[in-house]
file work.cif (mmCIF, C-alpha atoms, pLDDT in the B column; chains and numbers go by the auth columns)
data_final
loop_
_atom_site.group_PDB
_atom_site.id
_atom_site.type_symbol
_atom_site.label_atom_id
_atom_site.label_comp_id
_atom_site.label_asym_id
_atom_site.label_seq_id
_atom_site.Cartn_x
_atom_site.Cartn_y
_atom_site.Cartn_z
_atom_site.B_iso_or_equiv
_atom_site.auth_seq_id
_atom_site.auth_asym_id
ATOM 1 C CA MET A 1 0.000 0.000 0.000 36.00 1 M
ATOM 2 C CA SER A 2 1.451 3.371 -1.006 35.00 2 M
ATOM 3 C CA ARG A 3 2.104 6.074 1.594 33.00 3 M
ATOM 4 C CA ARG A 4 -0.418 8.327 -0.119 33.00 4 M
ATOM 5 C CA VAL A 5 -3.187 5.698 0.018 29.00 5 M
ATOM 6 C CA ARG A 6 -2.339 4.939 3.647 30.00 6 M
ATOM 7 C CA SER A 7 -2.523 8.643 4.502 30.00 7 M
ATOM 8 C CA LEU A 8 -5.888 8.955 2.785 26.00 8 M
ATOM 9 C CA MET A 9 -7.220 5.972 4.742 29.00 9 M
ATOM 10 C CA VAL A 10 -6.008 7.422 8.044 27.00 10 M
ATOM 11 C CA PHE A 11 -7.614 10.753 7.163 27.00 11 M
ATOM 12 C CA ALA A 12 -10.895 9.041 6.248 29.00 12 M
ATOM 13 C CA LEU A 13 -10.943 7.043 9.504 27.00 13 M
ATOM 14 C CA ALA A 14 -10.216 10.176 11.516 32.00 14 M
ATOM 15 C CA ALA A 15 -12.987 12.055 9.750 30.00 15 M
ATOM 16 C CA ALA A 16 -15.411 9.188 10.389 32.00 16 M
ATOM 17 C CA SER A 17 -14.445 9.199 14.056 33.00 17 M
ATOM 18 C CA VAL A 18 -15.084 12.944 14.343 33.00 18 M
ATOM 19 C CA ALA A 19 -18.430 12.532 12.614 33.00 19 M
ATOM 20 C CA LEU A 20 -19.370 9.746 15.014 34.00 20 M
ATOM 21 C CA ARG A 21 -18.471 11.826 18.038 38.00 21 M
ATOM 22 C CA ALA A 22 -20.552 14.663 16.650 35.00 22 M
ATOM 23 C CA GLU A 23 -23.458 12.243 16.168 45.00 23 M
ATOM 24 C CA LEU A 24 -23.146 10.852 19.703 72.00 24 M
ATOM 25 C CA PRO A 25 -22.269 13.812 21.926 84.00 25 M
ATOM 26 C CA LEU A 26 -21.185 13.138 25.487 91.00 26 M
ATOM 27 C CA PRO A 27 -23.600 14.428 28.148 92.00 27 M
ATOM 28 C CA LEU A 28 -20.843 16.151 30.159 94.00 28 M
ATOM 29 C CA GLN A 29 -17.182 16.998 29.786 94.00 29 M
ATOM 30 C CA ASP A 30 -14.343 15.852 32.029 95.00 30 M
ATOM 31 C CA GLY A 31 -14.433 17.920 35.230 95.00 31 M
ATOM 32 C CA GLU A 32 -17.992 19.254 34.859 96.00 32 M
ATOM 33 C CA GLN A 33 -20.170 19.164 37.977 97.00 33 M
ATOM 34 C CA LEU A 34 -23.819 20.133 38.473 97.00 34 M
ATOM 35 C CA THR A 35 -25.832 20.281 41.701 97.00 35 M
ATOM 36 C CA TYR A 36 -29.634 20.516 41.832 96.00 36 M
ATOM 37 C CA ARG A 37 -32.088 21.279 44.621 94.00 37 M
ATOM 38 C CA VAL A 38 -35.125 19.029 44.375 92.00 38 M
ATOM 39 C CA SER A 39 -38.625 20.147 45.356 89.00 39 M
ATOM 40 C CA TRP A 40 -41.562 17.764 45.565 82.00 40 M
ATOM 41 C CA ALA A 41 -45.142 19.070 45.572 71.00 41 M
ATOM 42 C CA ILE A 42 -45.206 21.599 48.454 67.00 42 M
ATOM 43 C CA VAL A 43 -41.877 20.509 49.992 71.00 43 M
ATOM 44 C CA PRO A 44 -39.240 22.971 48.661 74.00 44 M
ATOM 45 C CA GLY A 45 -36.069 21.221 49.881 77.00 45 M
ATOM 46 C CA ALA A 46 -37.012 17.587 49.449 83.00 46 M
ATOM 47 C CA GLY A 47 -33.681 16.429 48.065 90.00 47 M
ATOM 48 C CA GLU A 48 -30.515 17.013 46.092 93.00 48 M
ATOM 49 C CA ILE A 49 -29.018 15.655 42.870 95.00 49 M
ATOM 50 C CA LYS A 50 -25.287 15.841 42.113 96.00 50 M
ATOM 51 C CA ILE A 51 -23.875 14.964 38.693 96.00 51 M
ATOM 52 C CA SER A 52 -20.159 14.897 37.902 96.00 52 M
ATOM 53 C CA ALA A 53 -17.932 13.582 35.116 96.00 53 M
ATOM 54 C CA HIS A 54 -14.323 12.422 34.964 95.00 54 M
ATOM 55 C CA HIS A 55 -12.065 10.620 32.505 94.00 55 M
ATOM 56 C CA GLU A 56 -10.962 7.093 33.366 89.00 56 M
ATOM 57 C CA THR A 57 -7.867 5.828 31.572 79.00 57 M
ATOM 58 C CA ALA A 58 -6.964 2.719 33.609 75.00 58 M
ATOM 59 C CA GLY A 59 -8.667 0.280 31.227 72.00 59 M
ATOM 60 C CA PRO A 60 -7.888 -0.661 27.615 76.00 60 M
ATOM 61 C CA GLU A 61 -10.039 2.178 26.227 82.00 61 M
ATOM 62 C CA PRO A 62 -10.451 5.716 27.574 88.00 62 M
ATOM 63 C CA ARG A 63 -13.816 6.236 29.241 94.00 63 M
ATOM 64 C CA LEU A 64 -15.938 9.058 30.586 95.00 64 M
ATOM 65 C CA VAL A 65 -17.650 8.151 33.860 96.00 65 M
ATOM 66 C CA VAL A 66 -20.687 10.235 34.803 96.00 66 M
ATOM 67 C CA THR A 67 -21.723 9.768 38.446 97.00 67 M
ATOM 68 C CA THR A 68 -25.191 10.763 39.638 96.00 68 M
ATOM 69 C CA THR A 69 -26.139 10.849 43.325 95.00 69 M
ATOM 70 C CA THR A 70 -29.708 11.528 44.434 93.00 70 M
ATOM 71 C CA ALA A 71 -30.824 11.786 48.077 91.00 71 M
ATOM 72 C CA THR A 72 -33.748 13.089 50.059 86.00 72 M
ATOM 73 C CA ARG A 73 -33.058 15.882 52.533 84.00 73 M
ATOM 74 C CA GLY A 74 -34.648 17.449 55.630 80.00 74 M
ATOM 75 C CA ILE A 75 -38.203 16.467 56.489 75.00 75 M
ATOM 76 C CA ALA A 76 -38.475 14.456 53.271 72.00 76 M
ATOM 77 C CA ARG A 77 -35.602 12.231 54.420 79.00 77 M
ATOM 78 C CA TRP A 78 -37.275 11.745 57.784 76.00 78 M
ATOM 79 C CA LEU A 79 -40.468 10.671 56.020 75.00 79 M
ATOM 80 C CA LEU A 80 -38.805 8.725 53.187 78.00 80 M
ATOM 81 C CA PRO A 81 -35.063 8.113 53.432 85.00 81 M
ATOM 82 C CA PHE A 82 -33.803 7.517 49.913 87.00 82 M
ATOM 83 C CA THR A 83 -30.362 7.488 48.290 91.00 83 M
ATOM 84 C CA ALA A 84 -29.541 6.514 44.715 92.00 84 M
ATOM 85 C CA ASN A 85 -26.146 6.250 43.044 95.00 85 M
ATOM 86 C CA ALA A 86 -25.510 5.643 39.361 95.00 86 M
ATOM 87 C CA ASP A 87 -22.389 5.404 37.209 96.00 87 M
ATOM 88 C CA SER A 88 -22.835 5.799 33.453 96.00 88 M
ATOM 89 C CA VAL A 89 -19.697 4.863 31.494 96.00 89 M
ATOM 90 C CA PHE A 90 -19.190 6.218 27.960 96.00 90 M
ATOM 91 C CA ASP A 91 -16.638 5.287 25.295 94.00 91 M
ATOM 92 C CA LEU A 92 -14.710 8.474 24.533 91.00 92 M
ATOM 93 C CA GLN A 93 -14.053 7.435 20.947 89.00 93 M
ATOM 94 C CA THR A 94 -17.657 6.725 19.931 91.00 94 M
ATOM 95 C CA GLY A 95 -19.805 8.407 22.556 92.00 95 M
ATOM 96 C CA HIS A 96 -21.615 5.099 23.188 94.00 96 M
ATOM 97 C CA LEU A 97 -22.863 4.235 26.659 96.00 97 M
ATOM 98 C CA VAL A 98 -20.976 1.000 27.384 95.00 98 M
ATOM 99 C CA SER A 99 -22.166 0.226 30.913 96.00 99 M
ATOM 100 C CA LEU A 100 -24.504 1.440 33.621 95.00 100 M
ATOM 101 C CA ARG A 101 -24.684 0.619 37.324 95.00 101 M
ATOM 102 C CA GLU A 102 -27.439 1.817 39.675 95.00 102 M
ATOM 103 C CA ARG A 103 -27.995 1.329 43.418 93.00 103 M
ATOM 104 C CA ASN A 104 -31.085 2.528 45.322 91.00 104 M
ATOM 105 C CA GLU A 105 -31.480 2.491 49.108 90.00 105 M
ATOM 106 C CA THR A 106 -34.634 3.110 51.137 88.00 106 M
ATOM 107 C CA ARG A 107 -35.479 2.374 54.754 85.00 107 M
ATOM 108 C CA GLU A 108 -36.834 -1.062 53.878 82.00 108 M
ATOM 109 C CA LYS A 109 -34.926 -2.158 50.790 87.00 109 M
ATOM 110 C CA THR A 110 -31.756 -1.895 48.739 89.00 110 M
ATOM 111 C CA THR A 111 -31.742 -2.672 45.023 89.00 111 M
ATOM 112 C CA GLU A 112 -28.798 -2.717 42.639 92.00 112 M
ATOM 113 C CA HIS A 113 -28.291 -3.658 39.009 93.00 113 M
ATOM 114 C CA SER A 114 -25.778 -3.296 36.216 94.00 114 M
ATOM 115 C CA VAL A 115 -26.155 -3.213 32.446 96.00 115 M
ATOM 116 C CA SER A 116 -23.498 -3.681 29.767 96.00 116 M
ATOM 117 C CA PHE A 117 -24.147 -2.914 26.115 97.00 117 M
ATOM 118 C CA ASN A 118 -22.898 -4.957 23.162 96.00 118 M
ATOM 119 C CA TYR A 119 -23.312 -2.902 20.002 95.00 119 M
ATOM 120 C CA ALA A 120 -22.041 -5.652 17.706 95.00 120 M
ATOM 121 C CA THR A 121 -24.899 -7.991 18.700 96.00 121 M
ATOM 122 C CA ARG A 122 -27.320 -5.161 19.661 97.00 122 M
ATOM 123 C CA GLU A 123 -27.896 -6.753 23.074 96.00 123 M
ATOM 124 C CA ALA A 124 -27.834 -5.438 26.638 96.00 124 M
ATOM 125 C CA ASN A 125 -26.815 -7.758 29.479 96.00 125 M
ATOM 126 C CA TYR A 126 -28.854 -6.856 32.571 95.00 126 M
ATOM 127 C CA VAL A 127 -27.733 -8.213 35.956 94.00 127 M
ATOM 128 C CA SER A 128 -29.734 -7.723 39.154 90.00 128 M
ATOM 129 C CA ILE A 129 -27.257 -7.691 42.039 82.00 129 M
ATOM 130 C CA GLU A 130 -29.570 -8.922 44.801 70.00 130 M
ATOM 131 C CA GLY A 131 -29.408 -12.218 46.627 58.00 131 M
ATOM 132 C CA GLU A 132 -28.135 -14.741 44.111 59.00 132 M
ATOM 133 C CA GLY A 133 -28.550 -12.197 41.328 65.00 133 M
ATOM 134 C CA LYS A 134 -30.479 -12.616 38.114 82.00 134 M
ATOM 135 C CA SER A 135 -29.409 -11.758 34.603 88.00 135 M
ATOM 136 C CA GLN A 136 -31.175 -11.402 31.294 92.00 136 M
ATOM 137 C CA VAL A 137 -30.241 -10.439 27.758 95.00 137 M
ATOM 138 C CA ILE A 138 -32.349 -7.615 26.320 95.00 138 M
ATOM 139 C CA PRO A 139 -32.417 -6.809 22.583 96.00 139 M
ATOM 140 C CA ILE A 140 -31.465 -3.179 21.906 96.00 140 M
ATOM 141 C CA PRO A 141 -33.976 -1.425 19.621 94.00 141 M
ATOM 142 C CA ALA A 142 -32.765 0.922 16.915 92.00 142 M
ATOM 143 C CA GLY A 143 -30.971 3.928 18.402 92.00 143 M
ATOM 144 C CA ASP A 144 -28.242 4.747 20.908 94.00 144 M
ATOM 145 C CA PRO A 145 -29.315 3.834 24.452 95.00 145 M
ATOM 146 C CA THR A 146 -28.915 6.008 27.539 94.00 146 M
ATOM 147 C CA ASP A 147 -30.634 6.253 30.887 92.00 147 M
ATOM 148 C CA LEU A 148 -33.160 9.085 31.307 90.00 148 M
ATOM 149 C CA ILE A 149 -30.937 11.687 32.971 91.00 149 M
ATOM 150 C CA MET A 150 -28.074 11.115 30.524 93.00 150 M
ATOM 151 C CA GLY A 151 -30.512 11.301 27.628 92.00 151 M
ATOM 152 C CA LEU A 152 -31.857 14.628 28.875 92.00 152 M
ATOM 153 C CA LEU A 153 -28.323 15.949 29.409 93.00 153 M
ATOM 154 C CA GLN A 154 -27.364 15.030 25.848 92.00 154 M
ATOM 155 C CA THR A 155 -30.068 17.345 24.496 93.00 155 M
ATOM 156 C CA ARG A 156 -27.837 20.282 25.454 93.00 156 M
ATOM 157 C CA SER A 157 -25.868 19.628 22.242 91.00 157 M
ATOM 158 C CA TRP A 158 -28.945 19.593 20.007 92.00 158 M
ATOM 159 C CA ASP A 159 -29.858 22.542 17.832 90.00 159 M
ATOM 160 C CA LEU A 160 -33.649 22.300 17.637 90.00 160 M
ATOM 161 C CA LYS A 161 -36.205 25.007 16.949 90.00 161 M
ATOM 162 C CA PRO A 162 -39.776 25.111 18.328 88.00 162 M
ATOM 163 C CA GLY A 163 -41.832 22.333 16.775 89.00 163 M
ATOM 164 C CA GLN A 164 -38.799 20.196 15.871 94.00 164 M
ATOM 165 C CA LYS A 165 -38.127 16.806 17.473 95.00 165 M
ATOM 166 C CA ARG A 166 -35.572 14.019 17.700 95.00 166 M
ATOM 167 C CA ASP A 167 -35.743 10.379 18.769 95.00 167 M
ATOM 168 C CA ALA A 168 -34.028 8.977 21.857 94.00 168 M
ATOM 169 C CA LEU A 169 -33.699 5.462 23.275 95.00 169 M
ATOM 170 C CA VAL A 170 -33.887 5.350 27.081 95.00 170 M
ATOM 171 C CA LEU A 171 -33.429 2.414 29.451 94.00 171 M
ATOM 172 C CA PHE A 172 -35.598 2.299 32.590 90.00 172 M
ATOM 173 C CA ASP A 173 -34.345 -0.536 34.810 87.00 173 M
ATOM 174 C CA HIS A 174 -34.552 -3.531 32.384 90.00 174 M
ATOM 175 C CA GLU A 175 -36.866 -2.067 29.739 93.00 175 M
ATOM 176 C CA PHE A 176 -36.183 0.198 26.753 95.00 176 M
ATOM 177 C CA TYR A 177 -38.409 3.167 25.973 95.00 177 M
ATOM 178 C CA GLU A 178 -38.427 4.592 22.458 95.00 178 M
ATOM 179 C CA LEU A 179 -38.970 8.297 23.097 95.00 179 M
ATOM 180 C CA THR A 180 -39.357 11.313 20.860 95.00 180 M
ATOM 181 C CA ILE A 181 -38.013 14.517 22.424 96.00 181 M
ATOM 182 C CA HIS A 182 -39.827 17.660 21.294 96.00 182 M
ATOM 183 C CA MET A 183 -38.479 21.195 21.420 95.00 183 M
ATOM 184 C CA ALA A 184 -41.614 22.748 22.899 94.00 184 M
ATOM 185 C CA ARG A 185 -40.866 26.452 23.375 94.00 185 M
ATOM 186 C CA TYR A 186 -38.515 29.168 24.617 96.00 186 M
ATOM 187 C CA GLU A 187 -38.861 30.210 28.258 96.00 187 M
ATOM 188 C CA ASN A 188 -37.012 32.353 30.812 97.00 188 M
ATOM 189 C CA VAL A 189 -36.132 30.446 33.997 96.00 189 M
ATOM 190 C CA ARG A 190 -35.029 31.964 37.306 95.00 190 M
ATOM 191 C CA THR A 191 -32.537 29.925 39.362 95.00 191 M
ATOM 192 C CA PRO A 192 -30.143 30.647 42.264 95.00 192 M
ATOM 193 C CA LEU A 193 -27.468 31.138 39.565 95.00 193 M
ATOM 194 C CA GLY A 194 -29.505 33.811 37.763 95.00 194 M
ATOM 195 C CA THR A 195 -32.167 34.031 35.103 97.00 195 M
ATOM 196 C CA PHE A 196 -31.600 32.063 31.903 97.00 196 M
ATOM 197 C CA LYS A 197 -33.190 32.126 28.480 97.00 197 M
ATOM 198 C CA THR A 198 -33.899 28.471 27.787 96.00 198 M
ATOM 199 C CA ILE A 199 -35.440 26.010 25.393 96.00 199 M
ATOM 200 C CA VAL A 200 -37.862 23.471 26.846 96.00 200 M
ATOM 201 C CA MET A 201 -37.487 19.827 25.779 95.00 201 M
ATOM 202 C CA GLU A 202 -40.296 17.295 26.366 96.00 202 M
ATOM 203 C CA PRO A 203 -39.856 13.505 25.913 95.00 203 M
ATOM 204 C CA ARG A 204 -42.986 11.732 24.677 94.00 204 M
ATOM 205 C CA MET A 205 -43.871 8.232 23.504 94.00 205 M
ATOM 206 C CA ASP A 206 -45.023 8.986 19.957 93.00 206 M
ATOM 207 C CA LYS A 207 -43.883 5.841 18.136 91.00 207 M
ATOM 208 C CA THR A 208 -45.022 3.088 20.503 91.00 208 M
ATOM 209 C CA PRO A 209 -47.919 2.689 22.944 92.00 209 M
ATOM 210 C CA PRO A 210 -47.192 4.561 26.197 90.00 210 M
ATOM 211 C CA LYS A 211 -45.986 2.412 29.075 91.00 211 M
ATOM 212 C CA GLY A 212 -44.674 2.833 32.587 88.00 212 M
ATOM 213 C CA MET A 213 -44.988 6.343 33.960 87.00 213 M
ATOM 214 C CA PHE A 214 -45.936 7.685 30.508 90.00 214 M
ATOM 215 C CA LYS A 215 -48.956 5.359 30.459 86.00 215 M
ATOM 216 C CA ARG A 216 -49.936 6.736 33.873 86.00 216 M
ATOM 217 C CA GLY A 217 -49.975 10.279 32.506 86.00 217 M
ATOM 218 C CA ALA A 218 -46.571 11.481 33.705 89.00 218 M
ATOM 219 C CA ALA A 219 -44.759 14.253 31.825 92.00 219 M
ATOM 220 C CA VAL A 220 -41.020 15.023 31.748 94.00 220 M
ATOM 221 C CA ARG A 221 -39.355 18.327 30.813 95.00 221 M
ATOM 222 C CA VAL A 222 -35.841 19.787 30.781 96.00 222 M
ATOM 223 C CA TRP A 223 -34.861 23.447 30.384 97.00 223 M
ATOM 224 C CA ILE A 224 -31.566 24.040 28.483 96.00 224 M
ATOM 225 C CA SER A 225 -29.915 27.459 28.740 96.00 225 M
ATOM 226 C CA GLN A 226 -29.149 29.304 25.501 94.00 226 M
ATOM 227 C CA ASP A 227 -25.591 30.362 26.312 92.00 227 M
ATOM 228 C CA ASP A 228 -22.090 28.962 25.780 89.00 228 M
ATOM 229 C CA HIS A 229 -22.474 26.283 28.491 92.00 229 M
ATOM 230 C CA ARG A 230 -25.922 25.058 27.345 94.00 230 M
ATOM 231 C CA LEU A 231 -26.741 24.143 30.935 95.00 231 M
ATOM 232 C CA PRO A 232 -29.708 21.968 31.905 96.00 232 M
ATOM 233 C CA VAL A 233 -30.912 24.484 34.481 97.00 233 M
ATOM 234 C CA LYS A 234 -34.123 22.663 35.440 96.00 234 M
ATOM 235 C CA PHE A 235 -35.760 19.234 35.238 95.00 235 M
ATOM 236 C CA GLU A 236 -39.384 18.465 35.974 94.00 236 M
ATOM 237 C CA VAL A 237 -41.409 15.266 36.322 92.00 237 M
ATOM 238 C CA VAL A 238 -45.166 15.687 36.620 89.00 238 M
ATOM 239 C CA PHE A 239 -47.217 12.879 38.205 85.00 239 M
ATOM 240 C CA ASN A 240 -50.872 12.740 39.165 80.00 240 M
ATOM 241 C CA ILE A 241 -49.833 12.926 42.830 79.00 241 M
ATOM 242 C CA GLY A 242 -47.522 15.910 42.435 82.00 242 M
ATOM 243 C CA THR A 243 -44.598 17.467 40.594 88.00 243 M
ATOM 244 C CA GLY A 244 -40.906 16.938 41.242 89.00 244 M
ATOM 245 C CA THR A 245 -38.632 19.803 40.168 92.00 245 M
ATOM 246 C CA ALA A 246 -34.826 19.885 40.150 94.00 246 M
ATOM 247 C CA THR A 247 -33.306 23.378 39.881 96.00 247 M
ATOM 248 C CA LEU A 248 -29.612 24.022 39.251 96.00 248 M
ATOM 249 C CA THR A 249 -27.935 25.601 42.288 96.00 249 M
ATOM 250 C CA SER A 250 -24.236 25.066 41.547 96.00 250 M
ATOM 251 C CA TYR A 251 -22.132 24.542 38.433 96.00 251 M
ATOM 252 C CA GLN A 252 -18.447 23.768 37.914 95.00 252 M
ATOM 253 C CA ALA A 253 -17.286 24.147 34.329 93.00 253 M
ATOM 254 C CA PRO A 254 -14.711 21.791 32.773 91.00 254 M
ATOM 255 C CA PRO A 255 -11.100 22.988 32.666 86.00 255 M
ATOM 256 C CA PRO A 256 -10.346 25.503 29.873 80.00 256 M
ATOM 257 C CA ALA A 257 -8.592 22.860 27.758 64.00 257 M
ATOM 258 C CA GLN A 258 -11.737 20.708 27.858 54.00 258 M
ATOM 259 C CA ARG A 259 -13.985 23.604 26.942 49.00 259 M
ATOM 260 C CA THR A 260 -11.756 24.525 24.008 43.00 260 M
ATOM 261 C CA ALA A 261 -11.716 20.930 22.739 42.00 261 M
ATOM 262 C CA SER A 262 -15.493 20.577 22.976 42.00 262 M
ATOM 263 C CA GLU A 263 -16.093 23.833 21.133 45.00 263 M
ATOM 264 C CA LYS A 264 -13.979 22.854 18.113 42.00 264 M
#
call {"tool": "encode", "arguments": {"input": "work.cif", "output": "structure tokens"}}
result
Amino acid sequence: MSRRVRSLMVFALAAASVALRAELPLPLQDGEQLTYRVSWAIVPGAGEIKISAHHETAGPEPRLVVTTTTATRGIARWLLPFTANADSVFDLQTGHLVSLRERNETREKTTEHSVSFNYATREANYVSIEGEGKSQVIPIPAGDPTDLIMGLLQTRSWDLKPGQKRDALVLFDHEFYELTIHMARYENVRTPLGTFKTIVMEPRMDKTPPKGMFKRGAAVRVWISQDDHRLPVKFEVVFNIGTGTATLTSYQAPPPAQRTASEK
């Protein structure tokens, strides 16, 4: 193979890799951290969500690990102690979610499971880490799977106008949901960090019969700021029994080198 042909092949592979990363944007950059205050119904300080990202280079392939911690606070914790931890691991070269691990603790029960994704076979291996543990292989529908929070965070890279929409594949526990995320409207949102002009994204089940919380009439929304950081400044889940709202209270940007790389 001539040097010129080899150079062209390397260039083509590099271009394909860049295109793939653009198609599958990472939800956060290395070093980014977000903290949210959670309100439930009439309880203003019901809990807190912390999301942070860091590179992991110990394994054979570089990874981005996004850690999410959710916990009730104050009177809500006295009434319903709850803590949840999740690690979402992304391949830095492709942007694919390669594994997910979640652990939930309440006063009465602890549940934990892990999921690994095989994109060659389009299968997800789900393992429940309780007692003896149970595993099952779940076919992956068309699309690029995430969990709900990561899927909502990834919308910060989308450039949608009101009325436009885009499909998303979300895993709830051991079941995939084929969602369509609509850009609903522009809206100004006041937070402890200031007032932001935002776009409002709403996931809906347009392509398949509603199931789970969507079948029960729940609605989900995320507000993405229209500035350089494209911050998810608010999340909201509306149930028949009340509304849970997570409002951004603290943000740590990635180091300057990371910001420069992500903007190119």
call {"tool": "atom_distance", "arguments": {"input": "work.cif", "atom1": "CA of Thr208 (chain M)", "atom2": "CA of Pro25 (chain M)"}}
result
25.2 Å
call {"tool": "closest_residue", "arguments": {"input": "work.cif", "among": "M:Gln252, M:Thr94, M:Ser128, M:Thr70", "to": "Ser116 (chain M)", "atoms": "all atoms listed in the file"}}
result
M:Ser128
call {"tool": "closest_residue", "arguments": {"input": "work.cif", "among": "M:Met150, M:Leu24, M:Val170, M:Met213", "to": "Ser52 (chain M)", "atoms": "all atoms listed in the file"}}
result
M:Met150
call {"tool": "closest_residue", "arguments": {"input": "work.cif", "among": "M:Val115, M:Ile129, M:Ile199, M:Ala120", "to": "Asp147 (chain M)", "atoms": "all atoms listed in the file"}}
result
M:Val115
call {"tool": "resolve_selection", "arguments": {"input": "work.cif", "expression": "the PyMOL selection byres ((chain M and resi 230) around 12)", "output": "MDAnalysis selection string"}}
result
chainID M and resid 27:28 153:159 196:199 222:229 231:234 251 253 263
call {"tool": "atom_distance", "arguments": {"input": "work.cif", "atom1": "CA of Val66 (chain M)", "atom2": "CA of His96 (chain M)"}}
result
12.7 Å
call {"tool": "atom_distance", "arguments": {"input": "work.cif", "atom1": "CA of Glu102 (chain M)", "atom2": "CA of Ala168 (chain M)"}}
result
20.3 Å
call {"tool": "decode", "arguments": {"input": "work.cif", "residues": "region 177-216 of chain M", "atoms": "C-alpha atoms", "output": "CSV table (one decimal), in the first residue's frame"}}
result
chain,number,residue,atom,x,y,z
M,177,TYR,CA,-38.4,3.2,26.0
M,178,GLU,CA,-38.4,4.6,22.5
M,179,LEU,CA,-39.0,8.3,23.1
M,180,THR,CA,-39.4,11.3,20.9
M,181,ILE,CA,-38.0,14.5,22.4
M,182,HIS,CA,-39.8,17.7,21.3
M,183,MET,CA,-38.5,21.2,21.4
M,184,ALA,CA,-41.6,22.7,22.9
M,185,ARG,CA,-40.9,26.5,23.4
M,186,TYR,CA,-38.5,29.2,24.6
M,187,GLU,CA,-38.9,30.2,28.3
M,188,ASN,CA,-37.0,32.4,30.8
M,189,VAL,CA,-36.1,30.4,34.0
M,190,ARG,CA,-35.0,32.0,37.3
M,191,THR,CA,-32.5,29.9,39.4
M,192,PRO,CA,-30.1,30.6,42.3
M,193,LEU,CA,-27.5,31.1,39.6
M,194,GLY,CA,-29.5,33.8,37.8
M,195,THR,CA,-32.2,34.0,35.1
M,196,PHE,CA,-31.6,32.1,31.9
M,197,LYS,CA,-33.2,32.1,28.5
M,198,THR,CA,-33.9,28.5,27.8
M,199,ILE,CA,-35.4,26.0,25.4
M,200,VAL,CA,-37.9,23.5,26.8
M,201,MET,CA,-37.5,19.8,25.8
M,202,GLU,CA,-40.3,17.3,26.4
M,203,PRO,CA,-39.9,13.5,25.9
M,204,ARG,CA,-43.0,11.7,24.7
M,205,MET,CA,-43.9,8.2,23.5
M,206,ASP,CA,-45.0,9.0,20.0
M,207,LYS,CA,-43.9,5.8,18.1
M,208,THR,CA,-45.0,3.1,20.5
M,209,PRO,CA,-47.9,2.7,22.9
M,210,PRO,CA,-47.2,4.6,26.2
M,211,LYS,CA,-46.0,2.4,29.1
M,212,GLY,CA,-44.7,2.8,32.6
M,213,MET,CA,-45.0,6.3,34.0
M,214,PHE,CA,-45.9,7.7,30.5
M,215,LYS,CA,-49.0,5.4,30.5
M,216,ARG,CA,-49.9,6.7,33.9
